[in-house]
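**Q** Structure: target.cif, mmCIF, C-alpha atoms.
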data_query
loop_
_atom_site.label_atom_id
_atom_site.label_comp_id
_atom_site.auth_asym_id
_atom_site.auth_seq_id
_atom_site.Cartn_x
_atom_site.Cartn_y
_atom_site.Cartn_z
CA MET A 135 165.04 141.27 110.38
CA ALA A 136 163.07 138.13 111.26
CA ILE A 137 164.02 136.14 114.36
CA PRO A 138 166.65 133.55 113.32
CA PRO A 139 165.97 129.83 113.90
CA GLY A 140 167.02 128.59 117.36
CA TYR A 141 166.31 131.87 119.15
CA GLU A 142 163.09 131.39 121.09
CA VAL A 143 160.84 134.35 121.95
CA SER A 144 157.41 134.40 123.47
CA ASP A 145 155.96 137.06 121.19
CA LYS A 146 156.12 136.03 117.51
CA ARG A 147 155.48 139.61 116.43
CA LEU A 148 158.96 140.66 117.51
CA VAL A 149 161.81 141.26 115.06
CA CYS A 150 165.55 141.89 115.43
CA ARG A 151 167.01 145.37 115.19
CA LEU A 152 170.45 145.12 113.59
CA GLN A 153 173.40 147.01 115.01
CA LYS A 154 175.23 146.87 111.67
CA SER A 155 174.59 145.74 108.13
CA LEU A 156 174.36 142.00 107.55
CA TYR A 157 175.51 140.18 104.41
CA GLY A 158 172.60 139.04 102.25
CA LEU A 159 170.11 141.75 103.19
CA ARG A 160 168.81 144.33 100.72
CA GLN A 161 170.86 147.17 102.22
CA ALA A 162 174.09 145.17 102.48
CA SER A 163 175.48 145.99 99.03
CA ARG A 164 174.74 149.69 99.49
CA SER A 165 176.39 149.74 102.91
CA TRP A 166 179.48 147.97 101.59
CA TYR A 167 179.77 150.39 98.67
CA ALA A 168 179.52 153.36 101.06
CA LYS A 169 182.25 151.95 103.31
CA LEU A 170 184.57 151.13 100.42
CA SER A 171 184.01 154.52 98.78
CA GLN A 172 184.79 156.26 102.05
CA ALA A 173 188.09 154.35 102.32
CA LEU A 174 189.08 155.24 98.75
CA ILE A 175 188.24 158.92 99.21
CA LYS A 176 190.23 158.96 102.47
CA PHE A 177 193.29 157.71 100.56
CA GLY A 178 192.89 160.57 98.09
CA PHE A 179 190.78 159.13 95.28
CA ASN A 180 188.09 161.14 93.52
CA GLN A 181 184.85 159.56 92.38
CA CYS A 182 184.11 159.84 88.67
CA HIS A 183 180.82 161.63 87.96
CA SER A 184 180.32 159.71 84.69
CA ASN A 185 180.70 156.32 86.40
CA HIS A 186 180.39 156.10 90.17
CA SER A 187 182.23 152.76 90.21
CA LEU A 188 185.36 154.46 88.84
CA PHE A 189 187.79 156.28 91.14
CA THR A 190 190.90 158.20 90.12
CA TYR A 191 193.93 159.40 92.08
CA SER A 192 196.27 162.12 90.86
CA SER A 193 199.30 163.49 92.67
CA GLY A 194 202.08 165.11 90.69
CA SER A 195 203.09 162.67 87.97
CA ILE A 196 201.34 159.74 89.69
CA PHE A 197 197.97 158.66 88.31
CA LEU A 198 196.01 155.68 89.62
CA VAL A 199 192.63 154.28 88.57
CA THR A 200 190.49 151.72 90.35
CA LEU A 201 187.28 150.16 89.08
CA ILE A 202 184.85 148.50 91.51
CA TYR A 203 182.52 145.56 90.96
CA VAL A 204 180.95 144.73 94.34
CA ASP A 205 184.03 143.57 96.32
CA ASP A 206 186.35 143.05 93.34
CA LEU A 207 188.71 145.87 92.37
CA ILE A 208 190.83 146.45 89.28
CA ILE A 209 193.81 148.72 89.97
CA ALA A 210 195.84 150.40 87.24
CA GLY A 211 198.44 153.16 87.33
CA ASN A 212 201.64 154.58 85.93
CA ASP A 213 203.68 154.01 89.10
CA SER A 214 204.21 150.50 90.53
CA ASN A 215 205.28 151.83 93.93
CA ALA A 216 202.10 153.90 94.23
CA CYS A 217 200.01 150.85 93.30
CA ALA A 218 201.80 148.78 95.94
CA SER A 219 201.23 151.49 98.55
CA PHE A 220 197.54 151.64 97.70
CA LYS A 221 197.17 147.84 97.96
CA GLN A 222 198.90 147.93 101.34
CA TYR A 223 196.43 150.59 102.47
CA LEU A 224 193.49 148.44 101.34
CA ASN A 225 194.94 145.44 103.17
CA GLN A 226 194.96 147.48 106.36
CA CYS A 227 191.33 148.52 105.90
CA PHE A 228 189.88 145.19 104.76
CA HIS A 229 190.69 141.50 104.49
CA MET A 230 192.08 141.56 100.96
CA LYS A 231 193.52 138.98 98.57
CA ASP A 232 195.83 140.14 95.78
CA LEU A 233 195.23 138.02 92.67
CA GLY A 234 198.13 139.53 90.76
CA THR A 235 198.18 140.81 87.20
CA LEU A 236 194.75 141.00 85.58
CA THR A 237 194.08 138.13 83.15
CA TYR A 238 190.43 137.18 83.72
CA PHE A 239 187.55 139.24 85.08
CA LEU A 240 183.80 138.52 84.92
CA GLY A 241 184.15 136.30 81.87
CA LEU A 242 186.51 138.70 80.05
CA GLU A 243 190.05 137.61 79.22
CA LEU A 244 192.83 140.17 79.01
CA SER A 245 196.20 139.24 77.55
CA ARG A 246 199.28 141.31 76.79
CA GLY A 247 201.82 141.21 74.01
CA ASN A 248 204.27 143.27 72.01
CA THR A 249 201.48 144.75 69.90
CA GLY A 250 199.18 145.70 72.77
CA PHE A 251 196.31 144.23 74.74
CA CYS A 252 193.64 141.76 73.67
CA LEU A 253 190.18 141.71 75.23
CA CYS A 254 188.12 138.62 74.38
CA GLN A 255 185.68 136.06 75.83
CA ARG A 256 187.05 132.83 74.40
CA LYS A 257 186.41 130.66 77.47
CA TYR A 258 182.94 132.15 77.92
CA THR A 259 182.13 131.39 74.26
CA LEU A 260 183.35 127.78 74.54
CA ASP A 261 181.21 127.34 77.67
CA ILE A 262 178.15 128.40 75.65
CA PHE A 263 179.01 125.80 72.98
CA LYS A 264 179.39 123.13 75.63
CA GLU A 265 176.12 124.00 77.36
CA SER A 266 174.23 124.07 74.05
CA GLY A 267 175.82 120.89 72.68
CA MET A 268 177.32 122.81 69.73
CA LEU A 269 181.02 122.02 70.14
CA ASP A 270 181.04 120.01 66.90
CA CYS A 271 178.73 122.24 64.86
CA LYS A 272 179.60 123.39 61.34
CA PRO A 273 180.73 127.08 61.30
CA ALA A 274 178.75 129.79 59.50
CA THR A 275 180.35 132.76 57.75
CA PHE A 276 177.96 135.47 59.03
CA PRO A 277 175.49 135.60 61.97
CA MET A 278 172.06 136.25 60.39
CA GLU A 279 170.44 135.74 57.02
CA GLN A 280 169.98 138.88 54.97
CA ASN A 281 166.36 140.02 54.43
CA HIS A 282 165.12 137.87 57.31
CA ASN A 283 161.46 138.01 58.34
CA LEU A 284 161.67 136.86 61.95
CA ALA A 285 159.28 139.51 63.30
CA SER A 286 156.34 138.18 61.28
CA ASP A 287 157.35 134.50 61.13
CA LYS A 288 154.50 132.33 62.45
CA GLY A 289 156.33 129.04 62.81
CA GLU A 290 155.47 126.58 65.55
CA LEU A 291 156.20 127.54 69.15
CA PHE A 292 159.58 126.49 70.49
CA SER A 293 159.25 123.62 72.96
CA ASP A 294 161.62 125.00 75.64
CA PRO A 295 161.30 128.81 76.06
CA PRO A 296 163.55 128.93 79.19
CA GLN A 297 166.38 127.41 77.14
CA TYR A 298 165.92 130.09 74.48
CA ARG A 299 165.94 132.87 77.08
CA ARG A 300 169.04 131.47 78.75
CA LEU A 301 170.92 131.28 75.44
CA ILE A 302 169.95 134.81 74.36
CA GLY A 303 170.91 136.13 77.79
CA ARG A 304 174.38 134.62 77.51
CA LEU A 305 174.79 135.95 73.98
CA ILE A 306 173.83 139.45 75.15
CA TYR A 307 176.77 139.38 77.55
CA LEU A 308 179.01 138.20 74.72
CA THR A 309 178.39 141.45 72.81
CA ILE A 310 180.86 143.12 75.20
CA THR A 311 183.67 141.92 72.93
CA ARG A 312 181.69 140.81 69.86
CA PRO A 313 179.83 143.93 68.71
CA GLU A 314 179.21 142.48 65.25
CA ILE A 315 176.46 140.22 66.67
CA THR A 316 174.72 143.10 68.47
CA TYR A 317 172.06 143.59 65.79
CA SER A 318 171.29 139.85 65.57
CA ILE A 319 170.91 139.56 69.34
CA HIS A 320 168.72 142.69 69.39
CA ILE A 321 166.32 141.07 66.92
CA LEU A 322 166.15 137.72 68.72
CA SER A 323 165.72 139.29 72.18
CA GLN A 324 162.32 140.61 71.09
CA PHE A 325 160.89 137.08 71.18
CA MET A 326 161.80 136.12 74.74
CA GLN A 327 158.18 135.80 75.84
CA GLU A 328 157.00 133.48 73.07
CA PRO A 329 159.90 132.15 70.97
CA ARG A 330 159.16 130.09 67.90
CA GLN A 331 161.17 127.46 66.11
CA PRO A 332 162.56 129.89 63.46
CA HIS A 333 163.83 132.13 66.27
CA TRP A 334 165.66 129.22 67.86
CA GLU A 335 167.19 128.25 64.53
CA ALA A 336 168.37 131.85 64.08
CA ALA A 337 169.99 131.74 67.54
CA ILE A 338 171.74 128.48 66.61
CA ARG A 339 173.05 130.16 63.47
CA ILE A 340 174.72 132.83 65.65
CA LEU A 341 176.45 130.02 67.56
CA LYS A 342 177.63 128.55 64.26
CA TYR A 343 179.05 131.94 63.30
CA LEU A 344 180.87 132.20 66.65
CA LYS A 345 182.26 128.70 66.10
CA SER A 346 184.30 130.04 63.18
CA SER A 347 186.27 132.35 65.51
CA PRO A 348 185.56 131.75 69.24
CA GLY A 349 188.73 133.63 70.23
CA GLN A 350 188.03 136.77 68.24
CA GLY A 351 188.60 139.85 70.35
CA ILE A 352 189.26 143.54 70.39
CA LEU A 353 192.89 144.51 69.92
CA ILE A 354 193.99 147.58 71.86
CA PRO A 355 197.29 148.77 70.32
CA ARG A 356 200.03 150.08 72.58
CA HIS A 357 200.39 153.12 70.35
CA ASN A 358 196.94 154.46 69.57
CA ASP A 359 195.64 157.89 68.65
CA LEU A 360 193.33 158.78 71.56
CA LYS A 361 190.83 160.68 69.45
CA LEU A 362 187.13 160.08 69.98
CA GLU A 363 185.08 159.50 66.82
CA GLY A 364 181.44 158.52 66.31
CA PHE A 365 179.36 156.81 63.63
CA CYS A 366 175.56 156.62 63.52
CA ASP A 367 173.14 154.97 61.12
CA LEU A 368 169.60 153.58 60.92
CA ASP A 369 167.29 151.27 59.04
CA TRP A 370 164.09 153.19 58.33
CA ALA A 371 160.72 151.49 58.97
CA SER A 372 162.49 148.15 59.35
CA CYS A 373 159.95 146.59 61.75
CA PRO A 374 157.15 145.08 59.60
CA THR A 375 154.59 145.27 62.42
CA THR A 376 155.22 148.71 63.96
CA ARG A 377 157.27 150.41 61.19
CA ARG A 378 159.57 151.82 63.86
CA LEU A 379 163.18 152.29 62.85
CA ILE A 380 166.27 150.60 64.22
CA SER A 381 169.18 152.92 64.91
CA GLY A 382 172.74 152.11 65.82
CA TYR A 383 175.94 153.89 66.72
CA LEU A 384 179.61 153.09 67.15
CA MET A 385 182.17 155.07 69.11
CA LYS A 386 185.89 154.60 68.54
CA LEU A 387 188.88 155.86 70.47
CA GLY A 388 191.51 155.98 67.79
CA SER A 389 191.25 152.59 66.09
CA VAL A 390 189.60 150.86 69.06
CA PRO A 391 185.79 150.44 69.30
CA ILE A 392 184.75 151.37 72.85
CA SER A 393 180.96 151.81 72.72
CA TRP A 394 178.16 150.59 70.44
CA LYS A 395 174.42 150.11 70.53
CA THR A 396 171.44 148.88 68.51
CA LYS A 397 168.04 150.22 69.50
CA LYS A 398 164.50 150.28 68.16
CA GLN A 399 163.17 153.83 68.38
CA THR A 400 160.00 154.61 70.32
CA THR A 401 158.32 156.73 67.63
CA ILE A 402 157.48 156.39 63.94
CA SER A 403 159.25 158.96 61.78
CA ARG A 404 157.96 160.53 58.58
CA SER A 405 161.17 160.71 56.56
CA SER A 406 164.68 159.31 56.40
CA SER A 407 166.11 162.73 57.26
CA GLU A 408 164.07 162.87 60.44
CA VAL A 409 165.15 159.44 61.61
CA GLU A 410 168.80 160.16 60.84
CA TYR A 411 168.48 163.36 62.87
CA ARG A 412 167.07 161.40 65.80
CA ALA A 413 169.87 158.86 65.48
CA MET A 414 172.45 161.66 65.54
CA THR A 415 170.91 162.99 68.74
CA ASN A 416 171.12 159.58 70.45
CA ALA A 417 174.75 159.26 69.38
CA THR A 418 175.47 162.76 70.72
CA SER A 419 174.23 161.71 74.17
CA GLU A 420 176.76 158.88 74.20
CA ILE A 421 179.55 161.18 73.01
CA ILE A 422 178.89 163.69 75.81
CA TRP A 423 179.06 160.88 78.39
CA LEU A 424 182.25 159.43 76.91
CA ARG A 425 183.95 162.83 76.84
CA GLY A 426 183.22 163.22 80.55
CA LEU A 427 184.57 159.74 81.25
CA LEU A 428 187.73 160.35 79.22
CA SER A 429 188.26 163.66 80.99
CA ALA A 430 188.22 161.85 84.34
CA LEU A 431 190.86 159.47 82.95
CA GLN A 432 192.99 162.47 81.91
CA VAL A 433 192.48 161.82 78.21
CA PRO A 434 192.20 165.28 76.60
CA CYS A 435 189.15 165.99 74.44
CA CYS A 436 189.88 169.57 73.43
CA ASP A 437 188.89 169.21 69.77
CA SER A 438 185.39 168.66 68.46
CA THR A 439 184.27 165.03 68.29
CA ILE A 440 183.45 164.07 64.70
CA LEU A 441 180.09 162.34 64.27
CA HIS A 442 179.77 160.62 60.90
CA CYS A 443 176.36 160.43 59.22
CA ASP A 444 175.40 159.31 55.70
CA ASN A 445 172.40 161.66 55.33
CA GLN A 446 173.22 165.21 54.21
CA SER A 447 169.71 166.51 54.94
CA ALA A 448 169.95 165.44 58.59
CA ILE A 449 173.34 167.16 58.88
CA HIS A 450 171.82 170.32 57.38
CA ILE A 451 168.99 170.27 59.93
CA ALA A 452 171.48 169.87 62.78
CA ASN A 453 173.82 172.61 61.52
CA ASN A 454 171.11 175.19 60.82
CA PRO A 455 168.88 175.89 63.85
CA VAL A 456 166.07 177.55 61.92
CA PHE A 457 162.40 176.71 61.60
CA HIS A 458 161.71 173.87 59.18
CA GLU A 459 158.16 173.13 58.09
CA ARG A 460 158.80 169.39 57.80
CA THR A 461 160.57 169.02 61.15
CA LYS A 462 158.48 171.24 63.42
CA HIS A 463 156.83 168.18 65.00
CA ILE A 464 160.12 166.73 66.29
CA GLU A 465 160.33 166.72 70.08
CA VAL A 466 162.38 169.48 71.69
CA ASP A 467 164.78 167.10 73.44
CA PHE A 468 166.06 165.83 70.09
CA HIS A 469 167.24 169.33 69.17
CA PHE A 470 169.95 169.46 71.85
CA ILE A 471 172.47 168.25 69.23
CA ARG A 472 172.29 171.75 67.75
CA GLU A 473 173.53 173.23 71.02
CA HIS A 474 176.57 170.94 71.07
CA ILE A 475 177.35 171.64 67.42
CA GLN A 476 177.22 175.39 68.07
CA SER A 477 179.45 175.04 71.15
CA GLY A 478 182.01 173.05 69.15
CA THR A 479 181.64 169.81 71.12
CA ILE A 480 180.28 167.93 68.08
CA PHE A 481 181.14 168.26 64.41
CA ALA A 482 178.68 166.53 62.06
CA SER A 483 180.44 165.07 59.04
CA TYR A 484 179.05 163.39 55.93
CA LEU A 485 180.24 159.87 55.20
CA HIS A 486 179.31 157.74 52.21
CA THR A 487 177.02 154.82 53.00
CA ARG A 488 179.61 152.24 51.92
CA GLN A 489 182.03 153.62 54.53
CA GLN A 490 179.44 153.85 57.32
CA LEU A 491 180.74 151.50 60.05
CA ALA A 492 177.50 151.74 62.04
CA ASP A 493 175.67 149.96 59.20
CA ILE A 494 176.53 146.63 60.83
CA PHE A 495 174.41 147.62 63.87
CA THR A 496 171.20 148.39 61.97
CA LYS A 497 170.57 145.52 59.55
CA ALA A 498 171.52 141.98 58.60
CA LEU A 499 174.22 142.15 55.94
CA GLY A 500 175.35 139.67 53.35
CA CYS A 501 178.63 137.80 53.72
CA ILE A 502 180.81 140.13 51.60
CA LEU A 503 179.58 143.43 53.06
CA PHE A 504 179.52 142.02 56.60
CA HIS A 505 183.16 140.96 56.52
CA ASP A 506 184.17 144.17 54.76
CA LEU A 507 182.80 146.25 57.65
CA LEU A 508 184.17 143.79 60.19
CA SER A 509 187.69 144.29 58.83
CA LYS A 510 187.30 148.08 59.07
CA LEU A 511 186.33 147.78 62.73
CA VAL A 512 189.82 146.41 63.41
CA PHE A 513 188.67 143.21 65.06
CA LYS A 514 191.23 140.44 65.01
CA ILE A 515 190.72 136.69 65.08
CA LEU A 516 192.78 135.85 68.10
CA THR A 517 193.28 133.07 70.57
CA SER A 518 193.74 133.84 74.26
CA GLN A 519 197.05 135.56 73.50
CA VAL A 520 198.05 138.61 71.52
CA GLU A 521 200.18 138.05 68.46
CA GLY A 522 203.84 138.54 69.28
CA GLU A 523 203.64 137.58 72.93
#
Translate the structure described by the file into structure tokens.
**A**
Amino acid sequence: MAIPPGYEVSDKRLVCRLQKSLYGLRQASRSWYAKLSQALIKFGFNQCHSNHSLFTYSSGSIFLVTLIYVDDLIIAGNDSNACASFKQYLNQCFHMKDLGTLTYFLGLELSRGNTGFCLCQRKYTLDIFKESGMLDCKPATFPMEQNHNLASDKGELFSDPPQYRRLIGRLIYLTITRPEITYSIHILSQFMQEPRQPHWEAAIRILKYLKSSPGQGILIPRHNDLKLEGFCDLDWASCPTTRRLISGYLMKLGSVPISWKTKKQTTISRSSSEVEYRAMTNATSEIIWLRGLLSALQVPCCDSTILHCDNQSAIHIANNPVFHERTKHIEVDFHFIREHIQSGTIFASYLHTRQQLADIFTKALGCILFHDLLSKLVFKILTSQVEGE
């Protein structure tokens, strides 16, 4: 590294050769992770292949899990004595501070009650209101106007682009517990470089929607069927400038949503069946990863994972690996869903459009349909505590 101030040398071309990693340098975080991982493996933990920040320990009936974020660790297990022993081991290896039962982590609030656990970002949401001067704003019933035309809107340029980028960035993080605004944030994040006044007004509308329920969170019931289930949908040729589709998927573990995404596809498709087939393939990739993660957490995934789609032609293409004249141009990598259907990992199931939960991730919906899907996603309007605590 460069010679520190106060250390005089005659030759200014000289540099320092470090004997160990130093906090703040590029390699420091990597070196710390290697040292911490080595300590966990020495205790008996195994590193999860699906997420290298997740470590699991299994010995007889004892099962421990630890999740790492830099130098912060979340420890969970089914044996309090084993957890205490592990924390004592960490205290011997490092200077450690035990913060007690998990209630707040990286802007996420976790509370416990008789009905289960609640994961929300109430304080984080209120901080956004305070920073934006929207604490006294009038609430809106849904996040984005239906049939919006933001992509081709040529309103005047917004006067403070950094403020727009900062707000959208904070809202992106909020989608961790508020998946129903994922589509709206996806649309607005496309205008980071040159936001216009209509884009800012649309972002303010999302804040007004959040004002109606800042403490809304995801309820994780104590008694939940740990069965993985997927939903995928799309909005064909929705972009007025590129005509590329927007696809979305939702993954649920029992009644709890655990993974979701909205994405604009990279290619233009020729039919609705083709785009649904591509959307099913993207959802399959997420299912394969989640099954590996659940396996590491000792959650059995012996049965086929049901993937719901509202296009029967796309399901037929996936279930019948034969040559199709109208689909011969589709890239080979999108056909890997057929392999997982044949192996029994995935089961493609038809679902009527009105019951398609992933619809909320692909388009702006009206008030009635939006809240209908929101209720089916089992999101609860909560404060910082779970009902019954």
**Q** Decode the PyMOL selection byres ((chain A and resi 353) around 6) for the given file into explicit residues and return them as a PyMOL selection string.
**A** chain A and resi 251-252+352+354
**Q** Using Å and a single decimal, report how far CA of Ile315 (chain A) sits from CA of His282 (chain A).
**A**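 So the answer is 14.9 Å.
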**Q** Neighbours of Ser293 (chain A) within 9 Å (only C-alpha atoms; same-chain residues fewer than 3 positions away dropped), as a compact mmCIF listing (two decimals) with C-alpha atoms, in the coordinates of the input?
**A**
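Result written to part-v5.txt:
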# COMPACT_ATOMS: atom_id res chain seq x y z
CA GLU A 290 155.47 126.58 65.55
CA PRO A 329 159.90 132.15 70.97
CA ARG A 330 159.16 130.09 67.90
CA GLN A 331 161.17 127.46 66.11
**Q** Which one is closest to Leu499 (chain A): A:Pro138, A:Thr235, A:Pro277, A:Leu207? Count only C-alpha atoms.
**A** A:Pro277
**Q** Taking into account all atoms listed in the file, which residue in the set A:Leu362, A:Ile451, A:Leu511, A:Ile380 is nearest to Cys436 (chain A)?
**A**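 The shortest atom-to-atom distance to Cys436 (chain A) comes from A:Leu362.
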**Q** What's around Arg299 (chain A) at 12 Å? Count all atoms listed in the file, leave out sequence neighbours fewer than 2 positions away in its own chain, and write the answer as a list in words.
**A**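 Listed by chain and then number, they are Phe292, Asp294, Pro295, Pro296, Gln297, Leu301, Ile302, Gly303, Arg304, Leu305, Ile306, Ile319, Leu322, Ser323, Gln324, Phe325, Met326, Gln327, Glu328, Pro329, Arg330, His333, Trp334 and Ala337 of chain A.
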**Q** Would you mind listing what lies within 12 Å of Ser219 (chain A) as number ranges by chain, with all atoms listed in the file counted and same-chain residues fewer than 5 positions away left out?
**A** A: 177, 198, 209, 211, 213-214, 224-226
**Q** Take CA of Arg425 (chain A) and CA of Thr439 (chain A) and report the distance between them in Å, one decimal.
**A**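 Atom-to-atom, CA of Arg425 (chain A) and CA of Thr439 (chain A) are spaced 8.8 Å apart.
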**Q** For the file shown, what are the residues hit by the PyMOL selection byres ((chain A and resi 160-176) around 10), laid out as a CSV table (one decimal) with C-alpha atoms, in the coordinates of the input?
**A**
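expr10.csv was written with the following content:
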chain,number,residue,atom,x,y,z
A,154,LYS,CA,175.2,146.9,111.7
A,155,SER,CA,174.6,145.7,108.1
A,156,LEU,CA,174.4,142.0,107.6
A,157,TYR,CA,175.5,140.2,104.4
A,158,GLY,CA,172.6,139.0,102.2
A,159,LEU,CA,170.1,141.8,103.2
A,177,PHE,CA,193.3,157.7,100.6
A,178,GLY,CA,192.9,160.6,98.1
A,179,PHE,CA,190.8,159.1,95.3
A,180,ASN,CA,188.1,161.1,93.5
A,181,GLN,CA,184.8,159.6,92.4
A,186,HIS,CA,180.4,156.1,90.2
A,187,SER,CA,182.2,152.8,90.2
A,189,PHE,CA,187.8,156.3,91.1
A,190,THR,CA,190.9,158.2,90.1
A,191,TYR,CA,193.9,159.4,92.1
A,200,THR,CA,190.5,151.7,90.4
A,202,ILE,CA,184.8,148.5,91.5
A,203,TYR,CA,182.5,145.6,91.0
A,204,VAL,CA,181.0,144.7,94.3
A,205,ASP,CA,184.0,143.6,96.3
A,220,PHE,CA,197.5,151.6,97.7
A,223,TYR,CA,196.4,150.6,102.5
A,224,LEU,CA,193.5,148.4,101.3
A,227,CYS,CA,191.3,148.5,105.9
A,228,PHE,CA,189.9,145.2,104.8
**Q** Rounded to one decimal, what separation in Å do you get between CA of Tyr317 (chain A) and CA of Met278 (chain A)?
**A**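 These two atoms are separated by 9.1 Å.
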**Q** Using the chain letters and residue numbers of this document, give as an MDAnalysis selection string the residues selected by the PyMOL selection byres ((chain A and resi 273) around 6).
**A** chainID A and resid 272 274 342:343 345:346
**Q** Near Leu485 (chain A), within 10 Å and counting only C-alpha atoms, which residues show up once chain neighbours fewer than 5 positions away are dropped, as a PDB file with C-alpha atoms, in the coordinates of the input?
**A**
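Result file follows (around15.pdb):
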ATOM      1  CA  PHE A 365     179.360 156.810  63.630  1.00  0.00           C
ATOM      2  CA  LEU A 441     180.090 162.340  64.270  1.00  0.00           C
ATOM      3  CA  HIS A 442     179.770 160.620  60.900  1.00  0.00           C
ATOM      4  CA  CYS A 443     176.360 160.430  59.220  1.00  0.00           C
ATOM      5  CA  ASP A 444     175.400 159.310  55.700  1.00  0.00           C
ATOM      6  CA  ASN A 445     172.400 161.660  55.330  1.00  0.00           C
ATOM      7  CA  GLN A 446     173.220 165.210  54.210  1.00  0.00           C
ATOM      8  CA  GLN A 490     179.440 153.850  57.320  1.00  0.00           C
ATOM      9  CA  LEU A 491     180.740 151.500  60.050  1.00  0.00           C
TER      10      LEU A 491
END
**Q** Which residue out of A:Ser429, A:Ser381, A:Asn453, A:Asn248 has the minimum interatomic distance to Thr316 (chain A) when all atoms listed in the file are used?
**A**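 Of the candidates, the smallest distance to Thr316 (chain A) is held by A:Ser381.
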**Q** Please provide the set of residues having any atom within 8 Å of region 382-391 of chain A, restricted to all atoms listed in the file, with same-chain residues fewer than 2 positions apart removed, written as a PyMOL selection string.
**A** chain A and resi 352-354+358-368+380+393-397+413+417+421+491-493+495-496+511-512
**Q** Using all atoms listed in the file for the distances, tell me which of A:Leu233, A:Ile137, A:Leu188, A:Leu148 is nearest to Leu431 (chain A).
**A** A:Leu188
**Q** Restricting the calculation to all atoms listed in the file: of A:Ser195, A:Cys150, A:Ala136, A:Arg312, which residue gets closest to Leu253 (chain A)?
**A**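 Ranked by minimum distance to Leu253 (chain A), first place goes to A:Arg312.
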**Q** Using only C-alpha atoms, find the one residue out of A:Thr309, A:Asn416, A:Gln399, A:Thr275 that sits nearest to Arg339 (chain A).
**A**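 So, comparing all the options, the nearest one is A:Thr275.
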